[in-house]
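As structure tokens, the structure follows; a few thoughts come after it.
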Amino acid sequence: SVLSRYENQITILSDYLEEFPETDEPVWILGRQHHLNTDKSKLLLDISARLWFTYRRKFSPIGGTGPSSDAGWGCMLRCGQMMLAQALICRHLGRDWQWEKHKKQPEEYHRILRCFLDRKDCCYSIHQMAQMGVGEGKSIGEWFGPNTVAQVLKKLALFDEWNSLAVYVSMDNTVVIEDIKKMCWSPPQSSSAAHSSVHLHRSALGRNKNTAGFCTGWKPLLLIIPLRLGINHINPVYIDAFKECFKMPQSLGALGGKPNNAYYFIGFLGNELIYLDPHTTQSFVDSEENGTVDDESFHCQQAPHRMKIMNLDPSVALGFFCKEECDFDNWCSLVQKEILKQQSLRMFELVQKHPPHWPPFIPPTKPEVTTTGAGVVTTKRAVVHQDVPPYQT
């Protein structure tokens with residue numbers, strides 16, 4: 001009965017604004033600046049090009065006996081998918097890639113999209129994310145917060161040989177440059193480690209295997225920074241720094257929302273945040289025999305949603321993508337210049353060396369996984385920050 005309330009429903013919030021106002025202020029979308037007076041069409045094209053993941057129904061039951069729809073509980077998982085998908089778009093197609101309806105897209109695009117289809121053998125599907133969340137103490141169908149989603153993506157990325165991402169999730173509001181470089185330059189895992197995964201992940205991995213094998217050099221970095229920007233409400237002292245993050249060319253936006261609603265924030269206009277909303281329930285879409293995907297339902301072609309930044313819940317997670325080491329070095333410089341030196345109360349810390357009182361940093365390897373019941377993934381429980389509040393609907 002709870003799920004049925006959300007079938008075919010789009011959540012319309014009281015602070016949802018359909019049209020952009022007449023203004024000379026620039027609009028920032030994931031590191032790109034747009035001007036409404038001169039290139040509004042380009043702005044809308046830029047927004048519609050982002051992969052949009054929403055609630056789905058009628059997919060195969062999670063774990064064999066679990067839910068066949070994520071309506072009512074999967075909004076933060078869908079937002080995590082959107083942030084990761086944007087990283088993969090940047091990795092394979094570039095930030096300036098554009099999507100057009102009915103236009104033929106490169107194979108890499110369809111391969112990225114197949115990673116997120118609602119099937120148990122797709123590496124970033126709702127099935128894989130929900131089941132990997134069990135190891136983070138989240139039952140299937142239970143709400144996730146921004147940090148839990150980040151931890152799940154970090155673990156699932158270890159099984160994804162094609163994209164070969166290094167996922168770093170900061171601890172205690174601190175980004176350690178030394179640890180990131182150690183992780184991104186770490187040698188590939190041994191072949192014996194590759195055999196430690198369970199078959200639940202093997203089929204997903206096989207769909208995304210890099211036929212050229214592991215490449216040496218810098219592994220593209222997905223950097224996620226979970227933050228708490230206040231107690232019950234966002235502290236206004238953080239607003240300018242938060243907005244500055246959307247201006248960085250490495251920006252993947254932010255995960256967050258309001259109590260009971262998770263959104264994927266991709267930019268801002270003045271003191272309003274622009275976001276993609278996962279609260280639409282669509283039917284399951286599978287790939288065609290030739291590997292392409294009917295992708296129209298994976299792109300939001302409506303006017304983007306906006307909300308006042310002061311309505312943002314303080315529990316958020318920032319995302320950044322650095323394809324090359326020089327991108328990460330540039331990001332560090334921007335953080336020092338635009339965020340750390342400008343703020344008396346810092347959103348997060350950026351340090352060169354690993355704090356001596358922390359446990360030694362060891363680049364992550366594939367987690368130990370087992371199957372319980374109907375194929376539910378469990379892992380050794382990691383100690384993570386508590387997610388508050390519940391992002392469920």
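Ligands are numbered from 1 in the order shown, residues from 1 within each chain, and chains are lettered A, B, ... in the order they appear in the structure tokens.
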
Which neighbours of range 246-255 of chain A fall inside 10 Å, counting only C-alpha atoms, when residues of the same chain fewer than 5 positions from it are skipped, and could you give them as a count of residues only? 55

Ala130 in chain A surroundings by only C-alpha atoms, 12 Å radius, close-in-sequence under 3 positions cut, as a PyMOL selection string: chain A and resi 61-63+66-70+73-78+80-81+118-120+123-127+133-144+148-149+151-153+156+375-378

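The coordinates place CA of Leu227 in chain A at 24.6 Å from CA of Thr365 in chain A.
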
Would you please extract all strand (DSSP E or B) residues from range 150-329 of chain A, as assigned by DSSP on the backbone, and give them as a count of residues only? 58

Taking the chain letters and numbering used in this document, name the residues of range 45-217 of chain A that DSSP puts in helix (DSSP H, G or I), as a VMD selection string. chain A and resid 45 to 48 62 to 64 75 to 92 107 to 114 126 to 136 146 to 157 177 to 184 191 to 194 199 to 206

Tell me, counting only C-alpha atoms, for each residue of range 214-294 of chain A within 7 Å of range 300-314 of chain A, which pair of atoms is nearest and how far apart they are in Å to one decimal, in rows ordered by chain and increasing number, as JSON lines.
```
{"residue": "A:Arg228", "atom": "CA", "partner": "A:Pro314", "partner_atom": "CA", "distance": 5.3}
{"residue": "A:Leu229", "atom": "CA", "partner": "A:Pro314", "partner_atom": "CA", "distance": 4.6}
{"residue": "A:Gly230", "atom": "CA", "partner": "A:Pro314", "partner_atom": "CA", "distance": 5.3}
{"residue": "A:Ile231", "atom": "CA", "partner": "A:Pro314", "partner_atom": "CA", "distance": 6.8}
{"residue": "A:Asn232", "atom": "CA", "partner": "A:Pro314", "partner_atom": "CA", "distance": 6.8}
{"residue": "A:His233", "atom": "CA", "partner": "A:Pro314", "partner_atom": "CA", "distance": 5.6}
{"residue": "A:Ile234", "atom": "CA", "partner": "A:Pro314", "partner_atom": "CA", "distance": 4.6}
{"residue": "A:Gly256", "atom": "CA", "partner": "A:Asp313", "partner_atom": "CA", "distance": 6.9}
{"residue": "A:Gly257", "atom": "CA", "partner": "A:Leu312", "partner_atom": "CA", "distance": 5.7}
{"residue": "A:Lys258", "atom": "CA", "partner": "A:Asp313", "partner_atom": "CA", "distance": 5.0}
{"residue": "A:Pro259", "atom": "CA", "partner": "A:Asp313", "partner_atom": "CA", "distance": 6.7}
{"residue": "A:Asn271", "atom": "CA", "partner": "A:Ile309", "partner_atom": "CA", "distance": 5.7}
{"residue": "A:Glu272", "atom": "CA", "partner": "A:Lys308", "partner_atom": "CA", "distance": 4.4}
{"residue": "A:Leu273", "atom": "CA", "partner": "A:Arg306", "partner_atom": "CA", "distance": 5.4}
{"residue": "A:Ile274", "atom": "CA", "partner": "A:Arg306", "partner_atom": "CA", "distance": 4.5}
{"residue": "A:Tyr275", "atom": "CA", "partner": "A:His305", "partner_atom": "CA", "distance": 5.6}
{"residue": "A:Leu276", "atom": "CA", "partner": "A:His305", "partner_atom": "CA", "distance": 6.6}
```

Grab the CA of Lys42 in chain A to CA of Glu108 in chain A distance for me, in Å with one decimal place.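 Separation of CA of Lys42 in chain A and CA of Glu108 in chain A: 23.1 Å.
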
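Minimum atom-to-atom distance to Leu113 in chain A, evaluated using only C-alpha atoms, belongs to A:Ser287 out of A:Gln352, A:Ser287, A:Ser48, A:Gln128.
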
Could you name the residues that touch Arg114 in chain A at 12 Å or less, counting only C-alpha atoms, but leaving out those on the same chain fewer than 5 positions away, as a JSON list (two decimals) with all heavy atoms, in the first residue's frame?
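And here is the file that came out, around-v2.json:
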```
[["chain", "number", "residue", "atom", "x", "y", "z"],
["A", 51, "LEU", "N", 22.43, 12.00, -17.26],
["A", 51, "LEU", "CA", 21.64, 10.79, -17.07],
["A", 51, "LEU", "C", 20.75, 10.95, -15.84],
["A", 51, "LEU", "O", 21.23, 11.34, -14.76],
["A", 51, "LEU", "CB", 22.55, 9.57, -16.94],
["A", 51, "LEU", "CG", 23.12, 9.05, -18.26],
["A", 51, "LEU", "CD1", 24.12, 7.93, -18.02],
["A", 51, "LEU", "CD2", 22.01, 8.59, -19.20],
["A", 85, "ALA", "N", 27.18, 8.18, -12.75],
["A", 85, "ALA", "CA", 27.00, 8.21, -14.20],
["A", 85, "ALA", "C", 27.65, 9.44, -14.80],
["A", 85, "ALA", "O", 28.25, 9.38, -15.88],
["A", 85, "ALA", "CB", 25.51, 8.16, -14.55],
["A", 88, "LEU", "N", 31.26, 8.80, -15.16],
["A", 88, "LEU", "CA", 31.57, 7.91, -16.28],
["A", 88, "LEU", "C", 31.42, 8.63, -17.62],
["A", 88, "LEU", "O", 32.17, 8.36, -18.57],
["A", 88, "LEU", "CB", 30.68, 6.67, -16.23],
["A", 88, "LEU", "CG", 30.79, 5.81, -14.96],
["A", 88, "LEU", "CD1", 29.98, 4.53, -15.11],
["A", 88, "LEU", "CD2", 32.24, 5.49, -14.63],
["A", 107, "GLU", "N", 29.02, 3.91, -28.75],
["A", 107, "GLU", "CA", 28.88, 2.68, -28.00],
["A", 107, "GLU", "C", 29.20, 2.88, -26.52],
["A", 107, "GLU", "O", 28.57, 2.28, -25.66],
["A", 107, "GLU", "CB", 29.81, 1.61, -28.60],
["A", 107, "GLU", "CG", 30.04, 0.39, -27.71],
["A", 107, "GLU", "CD", 28.76, -0.36, -27.34],
["A", 107, "GLU", "OE1", 27.74, -0.23, -28.07],
["A", 107, "GLU", "OE2", 28.77, -1.07, -26.32],
["A", 108, "GLU", "N", 30.17, 3.74, -26.23],
["A", 108, "GLU", "CA", 30.53, 3.97, -24.82],
["A", 108, "GLU", "C", 29.34, 4.49, -24.02],
["A", 108, "GLU", "O", 29.18, 4.15, -22.85],
["A", 108, "GLU", "CB", 31.69, 4.98, -24.71],
["A", 108, "GLU", "CG", 33.02, 4.47, -25.19],
["A", 108, "GLU", "CD", 33.22, 4.65, -26.69],
["A", 108, "GLU", "OE1", 32.24, 5.04, -27.38],
["A", 108, "GLU", "OE2", 34.33, 4.41, -27.17],
["A", 109, "TYR", "N", 28.51, 5.31, -24.67],
["A", 109, "TYR", "CA", 27.32, 5.83, -23.99],
["A", 109, "TYR", "C", 26.37, 4.70, -23.60],
["A", 109, "TYR", "O", 25.91, 4.63, -22.46],
["A", 109, "TYR", "CB", 26.62, 6.84, -24.89],
["A", 109, "TYR", "CG", 25.21, 7.18, -24.46],
["A", 109, "TYR", "CD1", 24.98, 8.06, -23.40],
["A", 109, "TYR", "CD2", 24.11, 6.62, -25.11],
["A", 109, "TYR", "CE1", 23.68, 8.37, -23.00],
["A", 109, "TYR", "CE2", 22.82, 6.93, -24.73],
["A", 109, "TYR", "CZ", 22.61, 7.80, -23.67],
["A", 109, "TYR", "OH", 21.34, 8.09, -23.28],
["A", 119, "ARG", "N", 18.96, -4.60, -13.32],
["A", 119, "ARG", "CA", 19.18, -6.04, -13.44],
["A", 119, "ARG", "C", 20.26, -6.46, -12.46],
["A", 119, "ARG", "O", 21.19, -5.69, -12.20],
["A", 119, "ARG", "CB", 19.63, -6.41, -14.86],
["A", 119, "ARG", "CG", 18.64, -6.12, -15.94],
["A", 119, "ARG", "CD", 19.25, -6.26, -17.32],
["A", 119, "ARG", "NE", 20.16, -7.40, -17.41],
["A", 119, "ARG", "CZ", 20.35, -8.12, -18.52],
["A", 119, "ARG", "NH1", 19.66, -7.82, -19.60],
["A", 119, "ARG", "NH2", 21.19, -9.12, -18.54],
["A", 120, "LYS", "N", 20.15, -7.66, -11.97],
["A", 120, "LYS", "CA", 21.11, -8.11, -10.96],
["A", 120, "LYS", "C", 22.52, -8.27, -11.52],
["A", 120, "LYS", "O", 23.49, -8.28, -10.76],
["A", 120, "LYS", "CB", 20.66, -9.42, -10.33],
["A", 120, "LYS", "CG", 20.61, -10.60, -11.30],
["A", 120, "LYS", "CD", 20.15, -11.86, -10.59],
["A", 120, "LYS", "CE", 20.12, -13.06, -11.55],
["A", 120, "LYS", "NZ", 19.67, -14.29, -10.86],
["A", 121, "ASP", "N", 22.66, -8.39, -12.86],
["A", 121, "ASP", "CA", 23.99, -8.58, -13.44],
["A", 121, "ASP", "C", 24.58, -7.29, -13.97],
["A", 121, "ASP", "O", 25.58, -7.32, -14.69],
["A", 121, "ASP", "CB", 23.94, -9.64, -14.55],
["A", 121, "ASP", "CG", 23.00, -9.25, -15.69],
["A", 121, "ASP", "OD1", 22.16, -8.36, -15.48],
["A", 121, "ASP", "OD2", 23.12, -9.86, -16.77],
["A", 122, "CYS", "N", 24.01, -6.14, -13.65],
["A", 122, "CYS", "CA", 24.58, -4.84, -14.03],
["A", 122, "CYS", "C", 25.29, -4.25, -12.81],
["A", 122, "CYS", "O", 24.72, -4.20, -11.71],
["A", 122, "CYS", "CB", 23.49, -3.90, -14.54],
["A", 122, "CYS", "SG", 22.72, -4.49, -16.07],
["A", 123, "CYS", "N", 26.51, -3.78, -13.01],
["A", 123, "CYS", "CA", 27.38, -3.54, -11.86],
["A", 123, "CYS", "C", 26.91, -2.43, -10.92],
["A", 123, "CYS", "O", 27.23, -2.46, -9.74],
["A", 123, "CYS", "CB", 28.81, -3.27, -12.33],
["A", 123, "CYS", "SG", 28.99, -1.94, -13.52],
["A", 124, "TYR", "N", 26.15, -1.45, -11.42],
["A", 124, "TYR", "CA", 25.66, -0.38, -10.53],
["A", 124, "TYR", "C", 24.13, -0.33, -10.50],
["A", 124, "TYR", "O", 23.54, 0.74, -10.33],
["A", 124, "TYR", "CB", 26.22, 0.97, -10.96],
["A", 124, "TYR", "CG", 27.74, 1.02, -10.94],
["A", 124, "TYR", "CD1", 28.45, 1.17, -12.12],
["A", 124, "TYR", "CD2", 28.45, 0.87, -9.75],
["A", 124, "TYR", "CE1", 29.85, 1.20, -12.11],
["A", 124, "TYR", "CE2", 29.83, 0.89, -9.74],
["A", 124, "TYR", "CZ", 30.53, 1.06, -10.92],
["A", 124, "TYR", "OH", 31.91, 1.07, -10.91],
["A", 125, "SER", "N", 23.50, -1.47, -10.67],
["A", 125, "SER", "CA", 22.05, -1.54, -10.64],
["A", 125, "SER", "C", 21.51, -1.30, -9.24],
["A", 125, "SER", "O", 22.24, -1.35, -8.25],
["A", 125, "SER", "CB", 21.58, -2.91, -11.13],
["A", 125, "SER", "OG", 21.98, -3.92, -10.22],
["A", 204, "ALA", "N", 28.08, -9.26, -13.67],
["A", 204, "ALA", "CA", 28.08, -7.81, -13.86],
["A", 204, "ALA", "C", 29.44, -7.35, -14.35],
["A", 204, "ALA", "O", 29.55, -6.49, -15.22],
["A", 204, "ALA", "CB", 27.74, -7.11, -12.55],
["A", 205, "LEU", "N", 30.49, -7.95, -13.80],
["A", 205, "LEU", "CA", 31.84, -7.57, -14.17],
["A", 205, "LEU", "C", 32.12, -7.93, -15.61],
["A", 205, "LEU", "O", 32.75, -7.19, -16.36],
["A", 205, "LEU", "CB", 32.83, -8.30, -13.25],
["A", 205, "LEU", "CG", 34.19, -7.67, -13.02],
["A", 205, "LEU", "CD1", 34.01, -6.28, -12.43],
["A", 205, "LEU", "CD2", 35.02, -8.52, -12.07],
["A", 207, "ARG", "N", 30.29, -7.91, -18.11],
["A", 207, "ARG", "CA", 29.68, -6.99, -19.07],
["A", 207, "ARG", "C", 30.50, -5.73, -19.22],
["A", 207, "ARG", "O", 30.31, -4.96, -20.14],
["A", 207, "ARG", "CB", 28.27, -6.61, -18.62],
["A", 207, "ARG", "CG", 27.30, -7.77, -18.60],
["A", 207, "ARG", "CD", 26.05, -7.37, -17.84],
["A", 207, "ARG", "NE", 25.30, -6.32, -18.54],
["A", 207, "ARG", "CZ", 24.33, -6.56, -19.41],
["A", 207, "ARG", "NH1", 24.02, -7.78, -19.73],
["A", 207, "ARG", "NH2", 23.68, -5.58, -19.97],
["A", 208, "ASN", "N", 31.44, -5.49, -18.29],
["A", 208, "ASN", "CA", 32.18, -4.23, -18.30],
["A", 208, "ASN", "C", 33.68, -4.47, -18.27],
["A", 208, "ASN", "O", 34.44, -3.63, -17.83],
["A", 208, "ASN", "CB", 31.76, -3.38, -17.10],
["A", 208, "ASN", "CG", 30.30, -3.03, -17.17],
["A", 208, "ASN", "OD1", 29.90, -2.17, -17.92],
["A", 208, "ASN", "ND2", 29.49, -3.72, -16.38],
["A", 285, "VAL", "N", 13.29, -0.68, -17.93],
["A", 285, "VAL", "CA", 13.76, -0.68, -19.32],
["A", 285, "VAL", "C", 14.99, -1.57, -19.41],
["A", 285, "VAL", "O", 15.92, -1.43, -18.62],
["A", 285, "VAL", "CB", 14.11, 0.75, -19.79],
["A", 285, "VAL", "CG1", 14.77, 0.70, -21.17],
["A", 285, "VAL", "CG2", 12.86, 1.61, -19.84],
["A", 286, "ASP", "N", 14.99, -2.50, -20.37],
["A", 286, "ASP", "CA", 16.13, -3.39, -20.57],
["A", 286, "ASP", "C", 16.83, -3.00, -21.86],
["A", 286, "ASP", "O", 16.31, -2.23, -22.67],
["A", 286, "ASP", "CB", 15.65, -4.84, -20.63],
["A", 286, "ASP", "CG", 16.74, -5.83, -20.23],
["A", 286, "ASP", "OD1", 17.91, -5.40, -20.12],
["A", 286, "ASP", "OD2", 16.43, -7.02, -20.04],
["A", 287, "SER", "N", 18.03, -3.54, -22.06],
["A", 287, "SER", "CA", 18.77, -3.28, -23.29],
["A", 287, "SER", "C", 18.20, -4.10, -24.44],
["A", 287, "SER", "O", 17.58, -5.15, -24.24],
["A", 287, "SER", "CB", 20.26, -3.59, -23.09],
["A", 287, "SER", "OG", 20.43, -4.93, -22.69],
["A", 288, "GLU", "N", 18.42, -3.61, -25.66],
["A", 288, "GLU", "CA", 17.98, -4.33, -26.85],
["A", 288, "GLU", "C", 18.97, -5.45, -27.17],
["A", 288, "GLU", "O", 20.04, -5.54, -26.58],
["A", 288, "GLU", "CB", 17.88, -3.36, -28.04],
["A", 288, "GLU", "CG", 17.04, -2.12, -27.79],
["A", 288, "GLU", "CD", 15.56, -2.43, -27.68],
["A", 288, "GLU", "OE1", 15.14, -3.51, -28.15],
["A", 288, "GLU", "OE2", 14.81, -1.60, -27.12],
["A", 290, "ASN", "N", 20.88, -5.73, -29.64],
["A", 290, "ASN", "CA", 22.14, -5.22, -30.16],
["A", 290, "ASN", "C", 22.94, -4.44, -29.11],
["A", 290, "ASN", "O", 23.98, -3.86, -29.42],
["A", 290, "ASN", "CB", 21.90, -4.33, -31.39],
["A", 290, "ASN", "CG", 21.04, -3.11, -31.05],
["A", 290, "ASN", "OD1", 20.64, -2.89, -29.91],
["A", 290, "ASN", "ND2", 20.75, -2.30, -32.07],
["A", 291, "GLY", "N", 22.45, -4.41, -27.88],
["A", 291, "GLY", "CA", 23.18, -3.75, -26.80],
["A", 291, "GLY", "C", 22.80, -2.31, -26.57],
["A", 291, "GLY", "O", 23.23, -1.71, -25.58],
["A", 292, "THR", "N", 22.01, -1.71, -27.46],
["A", 292, "THR", "CA", 21.59, -0.33, -27.25],
["A", 292, "THR", "C", 20.44, -0.30, -26.24],
["A", 292, "THR", "O", 19.82, -1.32, -25.94],
["A", 292, "THR", "CB", 21.13, 0.32, -28.56],
["A", 292, "THR", "OG1", 20.00, -0.40, -29.07],
["A", 292, "THR", "CG2", 22.26, 0.31, -29.59],
["A", 293, "VAL", "N", 20.17, 0.89, -25.73],
["A", 293, "VAL", "CA", 19.12, 1.08, -24.73],
["A", 293, "VAL", "C", 18.17, 2.17, -25.21],
["A", 293, "VAL", "O", 18.62, 3.22, -25.69],
["A", 293, "VAL", "CB", 19.72, 1.47, -23.36],
["A", 293, "VAL", "CG1", 18.62, 1.69, -22.33],
["A", 293, "VAL", "CG2", 20.71, 0.41, -22.88],
["A", 294, "ASP", "N", 16.89, 1.92, -25.11],
["A", 294, "ASP", "CA", 15.90, 2.97, -25.38],
["A", 294, "ASP", "C", 16.02, 3.98, -24.25],
["A", 294, "ASP", "O", 15.51, 3.78, -23.14],
["A", 294, "ASP", "CB", 14.50, 2.37, -25.43],
["A", 294, "ASP", "CG", 13.44, 3.40, -25.79],
["A", 294, "ASP", "OD1", 13.80, 4.59, -25.97],
["A", 294, "ASP", "OD2", 12.25, 3.04, -25.86],
["A", 295, "ASP", "N", 16.71, 5.06, -24.52],
["A", 295, "ASP", "CA", 17.21, 5.92, -23.45],
["A", 295, "ASP", "C", 16.38, 7.16, -23.16],
["A", 295, "ASP", "O", 16.75, 7.97, -22.31],
["A", 295, "ASP", "CB", 18.64, 6.38, -23.78],
["A", 295, "ASP", "CG", 18.71, 7.23, -25.04],
["A", 295, "ASP", "OD1", 17.69, 7.29, -25.78],
["A", 295, "ASP", "OD2", 19.76, 7.82, -25.29],
["A", 298, "PHE", "N", 15.67, 8.11, -19.64],
["A", 298, "PHE", "CA", 16.84, 8.33, -18.79],
["A", 298, "PHE", "C", 17.37, 9.76, -18.92],
["A", 298, "PHE", "O", 18.49, 10.05, -18.47],
["A", 298, "PHE", "CB", 17.96, 7.34, -19.14],
["A", 298, "PHE", "CG", 17.61, 5.91, -18.79],
["A", 298, "PHE", "CD1", 17.13, 5.05, -19.76],
["A", 298, "PHE", "CD2", 17.76, 5.44, -17.50],
["A", 298, "PHE", "CE1", 16.80, 3.73, -19.46],
["A", 298, "PHE", "CE2", 17.43, 4.13, -17.18],
["A", 298, "PHE", "CZ", 16.96, 3.27, -18.16]]
```
